[in-house]
file entry-v2.cif (mmCIF, C-alpha atoms and all ligand atoms; chains and numbers go by the auth columns)
data_upload
#
loop_
_atom_site.group_PDB
_atom_site.id
_atom_site.type_symbol
_atom_site.label_atom_id
_atom_site.label_comp_id
_atom_site.label_asym_id
_atom_site.label_seq_id
_atom_site.Cartn_x
_atom_site.Cartn_y
_atom_site.Cartn_z
_atom_site.B_iso_or_equiv
_atom_site.auth_seq_id
_atom_site.auth_asym_id
ATOM 1 C CA MET A 1 -6.937 -3.002 -10.744 0.00 1 A
ATOM 2 C CA LYS A 2 -10.172 -1.025 -10.669 0.00 2 A
ATOM 3 C CA ASN A 3 -11.045 -2.877 -7.466 0.00 3 A
ATOM 4 C CA ARG A 4 -7.877 -1.446 -5.909 0.00 4 A
ATOM 5 C CA LEU A 5 -8.619 2.159 -6.866 0.00 5 A
ATOM 6 C CA MET A 6 -10.701 4.224 -4.442 0.00 6 A
ATOM 7 C CA VAL A 7 -11.850 7.633 -5.595 0.00 7 A
ATOM 8 C CA ALA A 8 -12.300 10.118 -2.754 0.00 8 A
ATOM 9 C CA LEU A 9 -15.659 11.843 -3.139 0.00 9 A
ATOM 10 C CA ASP A 10 -14.401 15.062 -1.544 0.00 10 A
ATOM 11 C CA VAL A 11 -17.269 17.168 -2.891 0.00 11 A
ATOM 12 C CA PRO A 12 -19.870 19.212 -0.998 0.00 12 A
ATOM 13 C CA GLN A 13 -23.165 17.677 -2.051 0.00 13 A
ATOM 14 C CA ALA A 14 -24.889 14.500 -3.165 0.00 14 A
ATOM 15 C CA ALA A 15 -25.526 15.959 -6.634 0.00 15 A
ATOM 16 C CA ASP A 16 -21.768 16.476 -7.168 0.00 16 A
ATOM 17 C CA ALA A 17 -20.997 13.000 -5.856 0.00 17 A
ATOM 18 C CA LEU A 18 -23.568 11.314 -8.066 0.00 18 A
ATOM 19 C CA ALA A 19 -22.410 13.277 -11.118 0.00 19 A
ATOM 20 C CA LEU A 20 -18.860 12.099 -10.467 0.00 20 A
ATOM 21 C CA ARG A 21 -20.065 8.549 -9.888 0.00 21 A
ATOM 22 C CA ASP A 22 -21.826 8.652 -13.251 0.00 22 A
ATOM 23 C CA LYS A 23 -18.776 10.093 -15.030 0.00 23 A
ATOM 24 C CA LEU A 24 -16.467 7.411 -13.649 0.00 24 A
ATOM 25 C CA GLY A 25 -19.001 4.596 -13.926 0.00 25 A
ATOM 26 C CA ASP A 26 -17.454 1.152 -14.008 0.00 26 A
ATOM 27 C CA ALA A 27 -13.910 2.502 -14.471 0.00 27 A
ATOM 28 C CA VAL A 28 -13.480 2.345 -10.682 0.00 28 A
ATOM 29 C CA GLY A 29 -14.623 -0.159 -8.102 0.00 29 A
ATOM 30 C CA TRP A 30 -14.688 1.958 -4.950 0.00 30 A
ATOM 31 C CA PHE A 31 -15.688 5.376 -3.715 0.00 31 A
ATOM 32 C CA LYS A 32 -14.475 6.867 -0.475 0.00 32 A
ATOM 33 C CA ILE A 33 -16.966 8.988 1.444 0.00 33 A
ATOM 34 C CA GLY A 34 -15.275 11.303 3.903 0.00 34 A
ATOM 35 C CA LEU A 35 -16.244 13.823 6.521 0.00 35 A
ATOM 36 C CA ARG A 36 -17.440 16.643 4.302 0.00 36 A
ATOM 37 C CA LEU A 37 -19.869 14.615 2.233 0.00 37 A
ATOM 38 C CA PHE A 38 -21.074 12.391 5.060 0.00 38 A
ATOM 39 C CA VAL A 39 -21.785 15.352 7.328 0.00 39 A
ATOM 40 C CA ALA A 40 -23.781 16.971 4.531 0.00 40 A
ATOM 41 C CA GLU A 41 -25.579 13.992 3.024 0.00 41 A
ATOM 42 C CA GLY A 42 -25.365 11.059 5.453 0.00 42 A
ATOM 43 C CA PRO A 43 -26.522 7.463 5.059 0.00 43 A
ATOM 44 C CA GLN A 44 -28.811 8.179 2.124 0.00 44 A
ATOM 45 C CA LEU A 45 -25.856 9.082 -0.066 0.00 45 A
ATOM 46 C CA VAL A 46 -24.002 5.967 1.115 0.00 46 A
ATOM 47 C CA ALA A 47 -26.974 3.902 -0.010 0.00 47 A
ATOM 48 C CA SER A 48 -27.007 5.576 -3.440 0.00 48 A
ATOM 49 C CA ILE A 49 -23.303 4.988 -4.035 0.00 49 A
ATOM 50 C CA ARG A 50 -23.583 1.408 -2.807 0.00 50 A
ATOM 51 C CA GLN A 51 -26.005 0.570 -5.617 0.00 51 A
ATOM 52 C CA GLN A 52 -23.073 0.230 -8.035 0.00 52 A
ATOM 53 C CA HIS A 53 -19.837 0.525 -6.069 0.00 53 A
ATOM 54 C CA ARG A 54 -18.119 -0.464 -2.867 0.00 54 A
ATOM 55 C CA VAL A 55 -17.907 2.223 -0.212 0.00 55 A
ATOM 56 C CA PHE A 56 -15.047 3.120 2.121 0.00 56 A
ATOM 57 C CA LEU A 57 -16.483 5.287 4.904 0.00 57 A
ATOM 58 C CA ASP A 58 -13.516 7.451 5.874 0.00 58 A
ATOM 59 C CA LEU A 59 -14.579 9.127 9.104 0.00 59 A
ATOM 60 C CA LYS A 60 -11.441 8.298 11.138 0.00 60 A
ATOM 61 C CA PHE A 61 -13.259 7.602 14.397 0.00 61 A
ATOM 62 C CA HIS A 62 -11.246 8.749 17.436 0.00 62 A
ATOM 63 C CA ASP A 63 -13.088 8.801 20.754 0.00 63 A
ATOM 64 C CA ILE A 64 -13.476 6.697 23.893 0.00 64 A
ATOM 65 C CA PRO A 65 -13.628 2.932 23.161 0.00 65 A
ATOM 66 C CA ASN A 66 -17.358 2.536 23.739 0.00 66 A
ATOM 67 C CA THR A 67 -18.293 5.446 21.485 0.00 67 A
ATOM 68 C CA VAL A 68 -16.025 4.253 18.693 0.00 68 A
ATOM 69 C CA ALA A 69 -17.373 0.702 18.925 0.00 69 A
ATOM 70 C CA GLN A 70 -20.916 2.054 18.572 0.00 70 A
ATOM 71 C CA ALA A 71 -19.939 4.161 15.560 0.00 71 A
ATOM 72 C CA VAL A 72 -18.305 1.131 13.907 0.00 72 A
ATOM 73 C CA GLU A 73 -21.497 -0.808 14.487 0.00 73 A
ATOM 74 C CA SER A 74 -23.511 1.952 12.805 0.00 74 A
ATOM 75 C CA ALA A 75 -21.103 1.920 9.845 0.00 75 A
ATOM 76 C CA GLY A 76 -21.491 -1.841 9.544 0.00 76 A
ATOM 77 C CA ALA A 77 -25.257 -1.477 9.489 0.00 77 A
ATOM 78 C CA LEU A 78 -24.922 0.897 6.509 0.00 78 A
ATOM 79 C CA GLY A 79 -23.355 -1.962 4.540 0.00 79 A
ATOM 80 C CA VAL A 80 -20.071 -0.209 3.780 0.00 80 A
ATOM 81 C CA GLU A 81 -17.150 -2.466 2.917 0.00 81 A
ATOM 82 C CA MET A 82 -14.471 -0.436 4.680 0.00 82 A
ATOM 83 C CA VAL A 83 -14.419 1.930 7.641 0.00 83 A
ATOM 84 C CA ASN A 84 -11.565 3.440 9.607 0.00 84 A
ATOM 85 C CA VAL A 85 -10.567 4.571 13.062 0.00 85 A
ATOM 86 C CA HIS A 86 -7.550 6.585 14.180 0.00 86 A
ATOM 87 C CA ALA A 87 -4.783 4.446 15.672 0.00 87 A
ATOM 88 C CA GLY A 88 -3.928 7.424 17.889 0.00 88 A
ATOM 89 C CA GLY A 89 -6.980 6.402 19.942 0.00 89 A
ATOM 90 C CA GLY A 90 -4.909 3.616 21.496 0.00 90 A
ATOM 91 C CA ALA A 91 -5.004 -0.152 21.882 0.00 91 A
ATOM 92 C CA GLN A 92 -8.167 -0.288 23.974 0.00 92 A
ATOM 93 C CA MET A 93 -10.102 1.781 21.476 0.00 93 A
ATOM 94 C CA LEU A 94 -8.857 -0.346 18.573 0.00 94 A
ATOM 95 C CA THR A 95 -9.829 -3.564 20.362 0.00 95 A
ATOM 96 C CA ALA A 96 -13.323 -2.241 21.035 0.00 96 A
ATOM 97 C CA ALA A 97 -13.665 -1.207 17.381 0.00 97 A
ATOM 98 C CA ALA A 98 -12.532 -4.635 16.171 0.00 98 A
ATOM 99 C CA GLY A 99 -15.028 -6.304 18.490 0.00 99 A
ATOM 100 C CA ALA A 100 -17.861 -4.277 16.957 0.00 100 A
ATOM 101 C CA ALA A 101 -16.652 -4.861 13.378 0.00 101 A
ATOM 102 C CA ALA A 102 -16.648 -8.629 13.878 0.00 102 A
ATOM 103 C CA ALA A 103 -20.439 -8.644 13.497 0.00 103 A
ATOM 104 C CA PHE A 104 -20.069 -7.372 9.913 0.00 104 A
ATOM 105 C CA PRO A 105 -17.985 -9.836 7.893 0.00 105 A
ATOM 106 C CA GLN A 106 -18.348 -7.748 4.707 0.00 106 A
ATOM 107 C CA MET A 107 -16.561 -4.809 6.321 0.00 107 A
ATOM 108 C CA LYS A 108 -12.813 -4.234 6.660 0.00 108 A
ATOM 109 C CA LEU A 109 -11.717 -2.197 9.673 0.00 109 A
ATOM 110 C CA ILE A 110 -8.658 -0.062 9.004 0.00 110 A
ATOM 111 C CA ALA A 111 -6.560 2.154 11.279 0.00 111 A
ATOM 112 C CA VAL A 112 -5.116 5.495 10.233 0.00 112 A
ATOM 113 C CA THR A 113 -1.456 5.514 11.247 0.00 113 A
ATOM 114 C CA VAL A 114 0.010 8.936 10.390 0.00 114 A
ATOM 115 C CA LEU A 115 -1.827 11.390 8.153 0.00 115 A
ATOM 116 C CA THR A 116 -0.034 11.740 4.828 0.00 116 A
ATOM 117 C CA SER A 117 -0.187 15.515 5.286 0.00 117 A
ATOM 118 C CA ASP A 118 1.739 15.286 8.573 0.00 118 A
ATOM 119 C CA PRO A 119 5.010 17.166 8.222 0.00 119 A
ATOM 120 C CA MET A 120 6.971 14.836 10.531 0.00 120 A
ATOM 121 C CA PRO A 121 10.256 13.651 8.991 0.00 121 A
ATOM 122 C CA ALA A 122 9.975 10.513 6.824 0.00 122 A
ATOM 123 C CA GLU A 123 12.085 8.401 9.175 0.00 123 A
ATOM 124 C CA GLN A 124 9.949 9.275 12.177 0.00 124 A
ATOM 125 C CA ALA A 125 6.715 8.800 10.210 0.00 125 A
ATOM 126 C CA ARG A 126 7.817 5.301 9.248 0.00 126 A
ATOM 127 C CA ALA A 127 8.618 4.390 12.850 0.00 127 A
ATOM 128 C CA VAL A 128 5.297 5.725 14.172 0.00 128 A
ATOM 129 C CA ALA A 129 3.355 4.089 11.318 0.00 129 A
ATOM 130 C CA LEU A 130 5.013 0.730 12.015 0.00 130 A
ATOM 131 C CA GLU A 131 4.339 0.920 15.723 0.00 131 A
ATOM 132 C CA ARG A 132 0.685 1.791 15.098 0.00 132 A
ATOM 133 C CA ALA A 133 0.353 -0.925 12.453 0.00 133 A
ATOM 134 C CA HIS A 134 1.525 -3.527 14.983 0.00 134 A
ATOM 135 C CA MET A 135 -0.910 -2.171 17.544 0.00 135 A
ATOM 136 C CA ALA A 136 -3.764 -2.322 15.003 0.00 136 A
ATOM 137 C CA GLN A 137 -2.887 -5.860 13.990 0.00 137 A
ATOM 138 C CA ASP A 138 -2.683 -7.010 17.608 0.00 138 A
ATOM 139 C CA ALA A 139 -6.110 -5.479 18.221 0.00 139 A
ATOM 140 C CA GLY A 140 -7.598 -7.492 15.351 0.00 140 A
ATOM 141 C CA LEU A 141 -7.942 -4.836 12.625 0.00 141 A
ATOM 142 C CA HIS A 142 -7.602 -5.771 8.945 0.00 142 A
ATOM 143 C CA GLY A 143 -5.052 -3.161 7.954 0.00 143 A
ATOM 144 C CA VAL A 144 -3.952 0.446 8.001 0.00 144 A
ATOM 145 C CA VAL A 145 -4.046 3.689 6.082 0.00 145 A
ATOM 146 C CA CYS A 146 -0.461 4.784 5.490 0.00 146 A
ATOM 147 C CA SER A 147 1.630 6.529 2.873 0.00 147 A
ATOM 148 C CA VAL A 148 3.187 4.495 0.067 0.00 148 A
ATOM 149 C CA HIS A 149 6.544 5.240 1.686 0.00 149 A
ATOM 150 C CA GLU A 150 5.597 3.099 4.678 0.00 150 A
ATOM 151 C CA ALA A 151 3.641 0.378 2.866 0.00 151 A
ATOM 152 C CA ALA A 152 6.501 -2.017 2.110 0.00 152 A
ATOM 153 C CA ALA A 153 7.852 -1.909 5.669 0.00 153 A
ATOM 154 C CA ILE A 154 4.367 -2.516 7.081 0.00 154 A
ATOM 155 C CA LYS A 155 3.780 -5.459 4.733 0.00 155 A
ATOM 156 C CA GLN A 156 7.112 -6.922 5.753 0.00 156 A
ATOM 157 C CA ALA A 157 6.427 -6.486 9.456 0.00 157 A
ATOM 158 C CA CYS A 158 2.739 -7.457 9.540 0.00 158 A
ATOM 159 C CA GLY A 159 2.470 -9.907 6.644 0.00 159 A
ATOM 160 C CA GLY A 160 0.991 -9.782 3.151 0.00 160 A
ATOM 161 C CA ASP A 161 -2.611 -10.235 4.315 0.00 161 A
ATOM 162 C CA PHE A 162 -2.521 -7.109 6.458 0.00 162 A
ATOM 163 C CA LEU A 163 -4.053 -4.459 4.202 0.00 163 A
ATOM 164 C CA THR A 164 -2.407 -1.173 3.273 0.00 164 A
ATOM 165 C CA VAL A 165 -4.594 1.666 2.008 0.00 165 A
ATOM 166 C CA THR A 166 -2.564 4.558 0.612 0.00 166 A
ATOM 167 C CA PRO A 167 -3.638 8.136 -0.060 0.00 167 A
ATOM 168 C CA GLY A 168 -1.088 10.749 -1.161 0.00 168 A
ATOM 169 C CA ILE A 169 -1.098 9.548 -4.782 0.00 169 A
ATOM 170 C CA ARG A 170 0.207 11.995 -7.395 0.00 170 A
ATOM 171 C CA TRP A 171 1.628 11.518 -10.872 0.00 171 A
ATOM 172 C CA GLY A 172 3.087 13.559 -13.715 0.00 172 A
ATOM 173 C CA ASP A 173 3.479 17.192 -12.754 0.00 173 A
ATOM 174 C CA GLN A 174 0.484 17.254 -10.403 0.00 174 A
ATOM 175 C CA ASP A 175 0.469 19.660 -7.492 0.00 175 A
ATOM 176 C CA LEU A 176 1.200 18.015 -4.116 0.00 176 A
ATOM 177 C CA GLN A 177 -1.332 20.378 -2.468 0.00 177 A
ATOM 178 C CA ASP A 178 -1.339 19.559 1.262 0.00 178 A
ATOM 179 C CA GLN A 179 0.106 16.049 0.863 0.00 179 A
ATOM 180 C CA GLN A 180 3.689 15.497 1.983 0.00 180 A
ATOM 181 C CA ARG A 181 4.659 11.889 1.390 0.00 181 A
ATOM 182 C CA VAL A 182 3.389 11.163 -2.119 0.00 182 A
ATOM 183 C CA ALA A 183 4.006 8.460 -4.726 0.00 183 A
ATOM 184 C CA ASP A 184 2.658 7.646 -8.171 0.00 184 A
ATOM 185 C CA PRO A 185 0.209 4.794 -8.867 0.00 185 A
ATOM 186 C CA ALA A 186 2.868 2.428 -10.226 0.00 186 A
ATOM 187 C CA ALA A 187 5.118 2.934 -7.197 0.00 187 A
ATOM 188 C CA ALA A 188 2.145 2.354 -4.903 0.00 188 A
ATOM 189 C CA ILE A 189 1.442 -1.044 -6.453 0.00 189 A
ATOM 190 C CA ALA A 190 5.137 -1.934 -6.583 0.00 190 A
ATOM 191 C CA ASP A 191 5.516 -1.105 -2.883 0.00 191 A
ATOM 192 C CA GLY A 192 2.635 -3.351 -1.860 0.00 192 A
ATOM 193 C CA SER A 193 -0.303 -0.995 -1.507 0.00 193 A
ATOM 194 C CA ASP A 194 -3.570 -2.951 -1.646 0.00 194 A
ATOM 195 C CA TYR A 195 -5.818 0.079 -2.218 0.00 195 A
ATOM 196 C CA LEU A 196 -4.922 3.466 -3.693 0.00 196 A
ATOM 197 C CA VAL A 197 -6.982 6.458 -2.540 0.00 197 A
ATOM 198 C CA VAL A 198 -7.079 9.230 -5.141 0.00 198 A
ATOM 199 C CA GLY A 199 -8.934 12.491 -4.726 0.00 199 A
ATOM 200 C CA ARG A 200 -7.975 15.754 -6.377 0.00 200 A
ATOM 201 C CA PRO A 201 -5.887 14.267 -9.229 0.00 201 A
ATOM 202 C CA ILE A 202 -9.146 12.725 -10.497 0.00 202 A
ATOM 203 C CA LEU A 203 -11.713 15.187 -9.124 0.00 203 A
ATOM 204 C CA GLN A 204 -9.981 18.259 -10.492 0.00 204 A
ATOM 205 C CA ALA A 205 -8.955 16.727 -13.817 0.00 205 A
ATOM 206 C CA PRO A 206 -10.642 18.170 -16.911 0.00 206 A
ATOM 207 C CA GLU A 207 -11.823 14.619 -17.648 0.00 207 A
ATOM 208 C CA PRO A 208 -12.056 12.594 -14.407 0.00 208 A
ATOM 209 C CA ARG A 209 -12.597 9.303 -16.243 0.00 209 A
ATOM 210 C CA VAL A 210 -9.478 9.868 -18.364 0.00 210 A
ATOM 211 C CA ALA A 211 -7.455 10.610 -15.209 0.00 211 A
ATOM 212 C CA ALA A 212 -8.791 7.453 -13.533 0.00 212 A
ATOM 213 C CA LEU A 213 -7.893 5.360 -16.576 0.00 213 A
ATOM 214 C CA GLU A 214 -4.437 6.927 -16.564 0.00 214 A
ATOM 215 C CA ALA A 215 -3.949 5.894 -12.926 0.00 215 A
ATOM 216 C CA LEU A 216 -5.213 2.390 -13.700 0.00 216 A
ATOM 217 C CA ALA A 217 -2.810 2.061 -16.645 0.00 217 A
ATOM 218 C CA MET A 218 0.097 3.008 -14.380 0.00 218 A
ATOM 219 C CA MET A 219 -1.072 0.493 -11.770 0.00 219 A
ATOM 220 C CA ASP A 220 -1.378 -2.181 -14.470 0.00 220 A
ATOM 221 C CA SER A 221 2.073 -1.467 -15.844 0.00 221 A
ATOM 222 C CA VAL A 222 3.635 -2.896 -12.693 0.00 222 A
ATOM 223 C CA HIS A 223 2.172 -6.344 -13.224 0.00 223 A
ATOM 224 C CA GLY A 224 2.248 -6.225 -17.027 0.00 224 A
HETATM 225 O O1 LIG B . -7.033 14.855 -3.021 0.00 301 B
HETATM 226 P P1 LIG B . -6.157 13.787 -2.443 0.00 301 B
HETATM 227 O O2 LIG B . -5.789 12.713 -3.445 0.00 301 B
HETATM 228 O O3 LIG B . -4.964 14.340 -1.710 0.00 301 B
HETATM 229 O O4 LIG B . -7.111 13.096 -1.378 0.00 301 B
HETATM 230 C C1 LIG B . -6.672 12.149 -0.452 0.00 301 B
HETATM 231 C C2 LIG B . -7.835 11.644 0.322 0.00 301 B
HETATM 232 O O5 LIG B . -7.360 10.686 1.244 0.00 301 B
HETATM 233 C C3 LIG B . -8.587 12.700 1.117 0.00 301 B
HETATM 234 O O6 LIG B . -9.949 12.334 1.101 0.00 301 B
HETATM 235 C C4 LIG B . -8.017 12.580 2.522 0.00 301 B
HETATM 236 O O7 LIG B . -8.963 12.890 3.511 0.00 301 B
HETATM 237 C C5 LIG B . -7.702 11.088 2.579 0.00 301 B
HETATM 238 N N1 LIG B . -6.649 10.708 3.517 0.00 301 B
HETATM 239 C C6 LIG B . -5.379 11.205 3.478 0.00 301 B
HETATM 240 N N2 LIG B . -4.440 10.801 4.379 0.00 301 B
HETATM 241 C C7 LIG B . -4.754 9.911 5.323 0.00 301 B
HETATM 242 C C8 LIG B . -6.048 9.384 5.365 0.00 301 B
HETATM 243 C C9 LIG B . -6.980 9.806 4.447 0.00 301 B
HETATM 244 O O8 LIG B . -5.065 12.003 2.595 0.00 301 B
HETATM 245 N N3 LIG B . -3.813 9.476 6.138 0.00 301 B
#

call {"tool": "encode", "arguments": {"input": "entry-v2.cif", "output": "structure tokens"}}
result
Amino acid sequence: MKNRLMVALDVPQAADALALRDKLGDAVGWFKIGLRLFVAEGPQLVASIRQQHRVFLDLKFHDIPNTVAQAVESAGALGVEMVNVHAGGGAQMLTAAAGAAAAFPQMKLIAVTVLTSDPMPAEQARAVALERAHMAQDAGLHGVVCSVHEAAAIKQACGGDFLTVTPGIRWGDQDLQDQQRVADPAAAIADGSDYLVVGRPILQAPEPRVAALEALAMMDSVHG
């Protein structure tokens, strides 16, 4: 299960990221590097994290097709094992991104469907997510970022091999913060999520490693 848990390194600096990496150690398989950290620390930090973990570069590229394809190529050259683009960029942009990703067999290319913080009603979010998942699959992407609430429907529509990456994970009495469509780690696994993205519930826990192990135990309980 640790290879299905991605911890979001939503911290300001490399020192914070590396401290967190050291605290979590081999309890988790993946770290997600997003906008804040990448803007501040760039490829060097990616290289440091890659020494011991897989990296999901979460920069949600959304631009004209040529620019996005070039950015995907740069991500591939960094050796990351997952990168994403925003499905809102349209079919042509997704196709260009997939074309660039093809040169990097180690890297999964994922489309963001609807942000889990988006306040659109659940029914509408599911419809938009499904439509964008189909578009991403047709364009040759490996999967989508979606909320747990849409994961089962996407798996059913696109097939079991089409990856679902789900943020918006909360458990116990944790604060939802800006997330809208949340689920706990057990529900995420039960609903067919391939990768769970967890940020603040682990980052802000008094003991991040304990919180990560708690999430892993809940994920495990589904199969056990
Ligand atoms: O702290 P929290 O667990 O809410 O963090 C979720 C992470 O997943 C953040 O890094 C956020 O940028 C990312 N994310 C998201 N919703 C998406 C795509 C990415 O919350 N649709």

call {"tool": "residues_near_ligand", "arguments": {"input": "entry-v2.cif", "ligand": "ligand LIG 301 (chain B)", "cutoff": "9 Å", "atoms": "all atoms listed in the file", "output": "MDAnalysis selection string"}}
result
chainID A and resid 7:10 32:35 58:60 112:118 145:147 165:170 176:179 182 197:204

call {"tool": "closest_residue", "arguments": {"input": "entry-v2.cif", "among": "A:Pro121, A:Ile189, A:Ala136, A:His142", "to": "Pro105 (chain A)", "atoms": "only C-alpha atoms"}}
result
A:His142

call {"tool": "resolve_selection", "arguments": {"input": "entry-v2.cif", "expression": "the PyMOL selection byres (((chain A and resi 53) around 7) and not hetatm)", "output": "list in words"}}
result
Gly29, Trp30, Phe31, Ile49, Arg50, Gln51, Gln52, Arg54 and Val55 of chain A

call {"tool": "closest_residue", "arguments": {"input": "entry-v2.cif", "among": "A:Ala151, A:Met120, A:Ala215, A:Leu163", "to": "Gln137 (chain A)", "atoms": "all atoms listed in the file"}}
result
A:Leu163

call {"tool": "resolve_selection", "arguments": {"input": "entry-v2.cif", "expression": "the PyMOL selection byres (((chain A and resi 12) around 9) and not hetatm)", "output": "JSON, numbers by chain"}}
result
{"A": [9, 10, 11, 13, 14, 15, 16, 17, 36, 37, 40, 41]}

call {"tool": "atom_distance", "arguments": {"input": "entry-v2.cif", "atom1": "CA of Ala101 (chain A)", "atom2": "CA of His134 (chain A)"}}
result
18.3 Å

call {"tool": "residues_around", "arguments": {"input": "entry-v2.cif", "residues": "Ala96 (chain A)", "least_positions_apart": "4", "cutoff": "8 Å", "atoms": "all atoms listed in the file", "output": "PyMOL selection string"}}
result
chain A and resi 65-66+68-69+92+100

call {"tool": "resolve_selection", "arguments": {"input": "entry-v2.cif", "expression": "the PyMOL selection byres (((chain A and resi 152-156) around 12) and not hetatm)", "output": "ChimeraX atom specification"}}
result
/A:113,123,125-137,143-151,157-166,187-194

call {"tool": "write_last_selection", "arguments": {"input": "entry-v2.cif", "atoms": "C-alpha atoms", "output": "PDB file, in the coordinates of the input"}}
result
ATOM      1  CA  THR A 113      -1.456   5.514  11.247  1.00  0.00           C
ATOM      2  CA  GLU A 123      12.085   8.401   9.175  1.00  0.00           C
ATOM      3  CA  ALA A 125       6.715   8.800  10.210  1.00  0.00           C
ATOM      4  CA  ARG A 126       7.817   5.301   9.248  1.00  0.00           C
ATOM      5  CA  ALA A 127       8.618   4.390  12.850  1.00  0.00           C
ATOM      6  CA  VAL A 128       5.297   5.725  14.172  1.00  0.00           C
ATOM      7  CA  ALA A 129       3.355   4.089  11.318  1.00  0.00           C
ATOM      8  CA  LEU A 130       5.013   0.730  12.015  1.00  0.00           C
ATOM      9  CA  GLU A 131       4.339   0.920  15.723  1.00  0.00           C
ATOM     10  CA  ARG A 132       0.685   1.791  15.098  1.00  0.00           C
ATOM     11  CA  ALA A 133       0.353  -0.925  12.453  1.00  0.00           C
ATOM     12  CA  HIS A 134       1.525  -3.527  14.983  1.00  0.00           C
ATOM     13  CA  MET A 135      -0.910  -2.171  17.544  1.00  0.00           C
ATOM     14  CA  ALA A 136      -3.764  -2.322  15.003  1.00  0.00           C
ATOM     15  CA  GLN A 137      -2.887  -5.860  13.990  1.00  0.00           C
ATOM     16  CA  GLY A 143      -5.052  -3.161   7.954  1.00  0.00           C
ATOM     17  CA  VAL A 144      -3.952   0.446   8.001  1.00  0.00           C
ATOM     18  CA  VAL A 145      -4.046   3.689   6.082  1.00  0.00           C
ATOM     19  CA  CYS A 146      -0.461   4.784   5.490  1.00  0.00           C
ATOM     20  CA  SER A 147       1.630   6.529   2.873  1.00  0.00           C
ATOM     21  CA  VAL A 148       3.187   4.495   0.067  1.00  0.00           C
ATOM     22  CA  HIS A 149       6.544   5.240   1.686  1.00  0.00           C
ATOM     23  CA  GLU A 150       5.597   3.099   4.678  1.00  0.00           C
ATOM     24  CA  ALA A 151       3.641   0.378   2.866  1.00  0.00           C
ATOM     25  CA  ALA A 157       6.427  -6.486   9.456  1.00  0.00           C
ATOM     26  CA  CYS A 158       2.739  -7.457   9.540  1.00  0.00           C
ATOM     27  CA  GLY A 159       2.470  -9.907   6.644  1.00  0.00           C
ATOM     28  CA  GLY A 160       0.991  -9.782   3.151  1.00  0.00           C
ATOM     29  CA  ASP A 161      -2.611 -10.235   4.315  1.00  0.00           C
ATOM     30  CA  PHE A 162      -2.521  -7.109   6.458  1.00  0.00           C
ATOM     31  CA  LEU A 163      -4.053  -4.459   4.202  1.00  0.00           C
ATOM     32  CA  THR A 164      -2.407  -1.173   3.273  1.00  0.00           C
ATOM     33  CA  VAL A 165      -4.594   1.666   2.008  1.00  0.00           C
ATOM     34  CA  THR A 166      -2.564   4.558   0.612  1.00  0.00           C
ATOM     35  CA  ALA A 187       5.118   2.934  -7.197  1.00  0.00           C
ATOM     36  CA  ALA A 188       2.145   2.354  -4.903  1.00  0.00           C
ATOM     37  CA  ILE A 189       1.442  -1.044  -6.453  1.00  0.00           C
ATOM     38  CA  ALA A 190       5.137  -1.934  -6.583  1.00  0.00           C
ATOM     39  CA  ASP A 191       5.516  -1.105  -2.883  1.00  0.00           C
ATOM     40  CA  GLY A 192       2.635  -3.351  -1.860  1.00  0.00           C
ATOM     41  CA  SER A 193      -0.303  -0.995  -1.507  1.00  0.00           C
ATOM     42  CA  ASP A 194      -3.570  -2.951  -1.646  1.00  0.00           C
TER      43      ASP A 194
END

call {"tool": "atom_distance", "arguments": {"input": "entry-v2.cif", "atom1": "CA of Ala212 (chain A)", "atom2": "CA of Gly76 (chain A)"}}
result
27.9 Å

call {"tool": "closest_residue", "arguments": {"input": "entry-v2.cif", "among": "A:Ala77, A:Trp171, A:Phe56, A:Asp63", "to": "Lys108 (chain A)", "atoms": "all atoms listed in the file"}}
result
A:Phe56

call {"tool": "atom_distance", "arguments": {"input": "entry-v2.cif", "atom1": "CA of Val85 (chain A)", "atom2": "CA of Gln44 (chain A)"}}
result
21.6 Å

call {"tool": "closest_atom_pairs", "arguments": {"input": "entry-v2.cif", "of": "region 93-210 of chain A", "to": "region 70-73 of chain A", "cutoff": "12 Å", "atoms": "all atoms listed in the file", "output": "Markdown table"}}
result
| residue | atom | partner | partner_atom | distance |
| --- | --- | --- | --- | --- |
| A:Met93 | CA | A:Val72 | CA | 11.2 |
| A:Leu94 | CA | A:Val72 | CA | 10.6 |
| A:Thr95 | CA | A:Val72 | CA | 11.6 |
| A:Ala96 | CA | A:Gln70 | CA | 9.1 |
| A:Ala97 | CA | A:Val72 | CA | 6.3 |
| A:Ala98 | CA | A:Val72 | CA | 8.5 |
| A:Gly99 | CA | A:Val72 | CA | 9.3 |
| A:Ala100 | CA | A:Glu73 | CA | 5.6 |
| A:Ala101 | CA | A:Val72 | CA | 6.2 |
| A:Ala102 | CA | A:Glu73 | CA | 9.2 |
| A:Ala103 | CA | A:Glu73 | CA | 8.0 |
| A:Phe104 | CA | A:Glu73 | CA | 8.1 |
| A:Pro105 | CA | A:Glu73 | CA | 11.7 |
| A:Met107 | CA | A:Val72 | CA | 9.8 |
| A:Lys108 | CA | A:Val72 | CA | 10.6 |
| A:Leu109 | CA | A:Val72 | CA | 8.5 |
| A:Ile110 | CA | A:Val72 | CA | 10.9 |

call {"tool": "write_last_selection", "arguments": {"input": "entry-v2.cif", "atoms": "C-alpha atoms", "output": "CSV table (one decimal), in the frame of the given file"}}
result
chain,number,residue,atom,x,y,z
A,93,MET,CA,-10.1,1.8,21.5
A,94,LEU,CA,-8.9,-0.3,18.6
A,95,THR,CA,-9.8,-3.6,20.4
A,96,ALA,CA,-13.3,-2.2,21.0
A,97,ALA,CA,-13.7,-1.2,17.4
A,98,ALA,CA,-12.5,-4.6,16.2
A,99,GLY,CA,-15.0,-6.3,18.5
A,100,ALA,CA,-17.9,-4.3,17.0
A,101,ALA,CA,-16.7,-4.9,13.4
A,102,ALA,CA,-16.6,-8.6,13.9
A,103,ALA,CA,-20.4,-8.6,13.5
A,104,PHE,CA,-20.1,-7.4,9.9
A,105,PRO,CA,-18.0,-9.8,7.9
A,107,MET,CA,-16.6,-4.8,6.3
A,108,LYS,CA,-12.8,-4.2,6.7
A,109,LEU,CA,-11.7,-2.2,9.7
A,110,ILE,CA,-8.7,-0.1,9.0
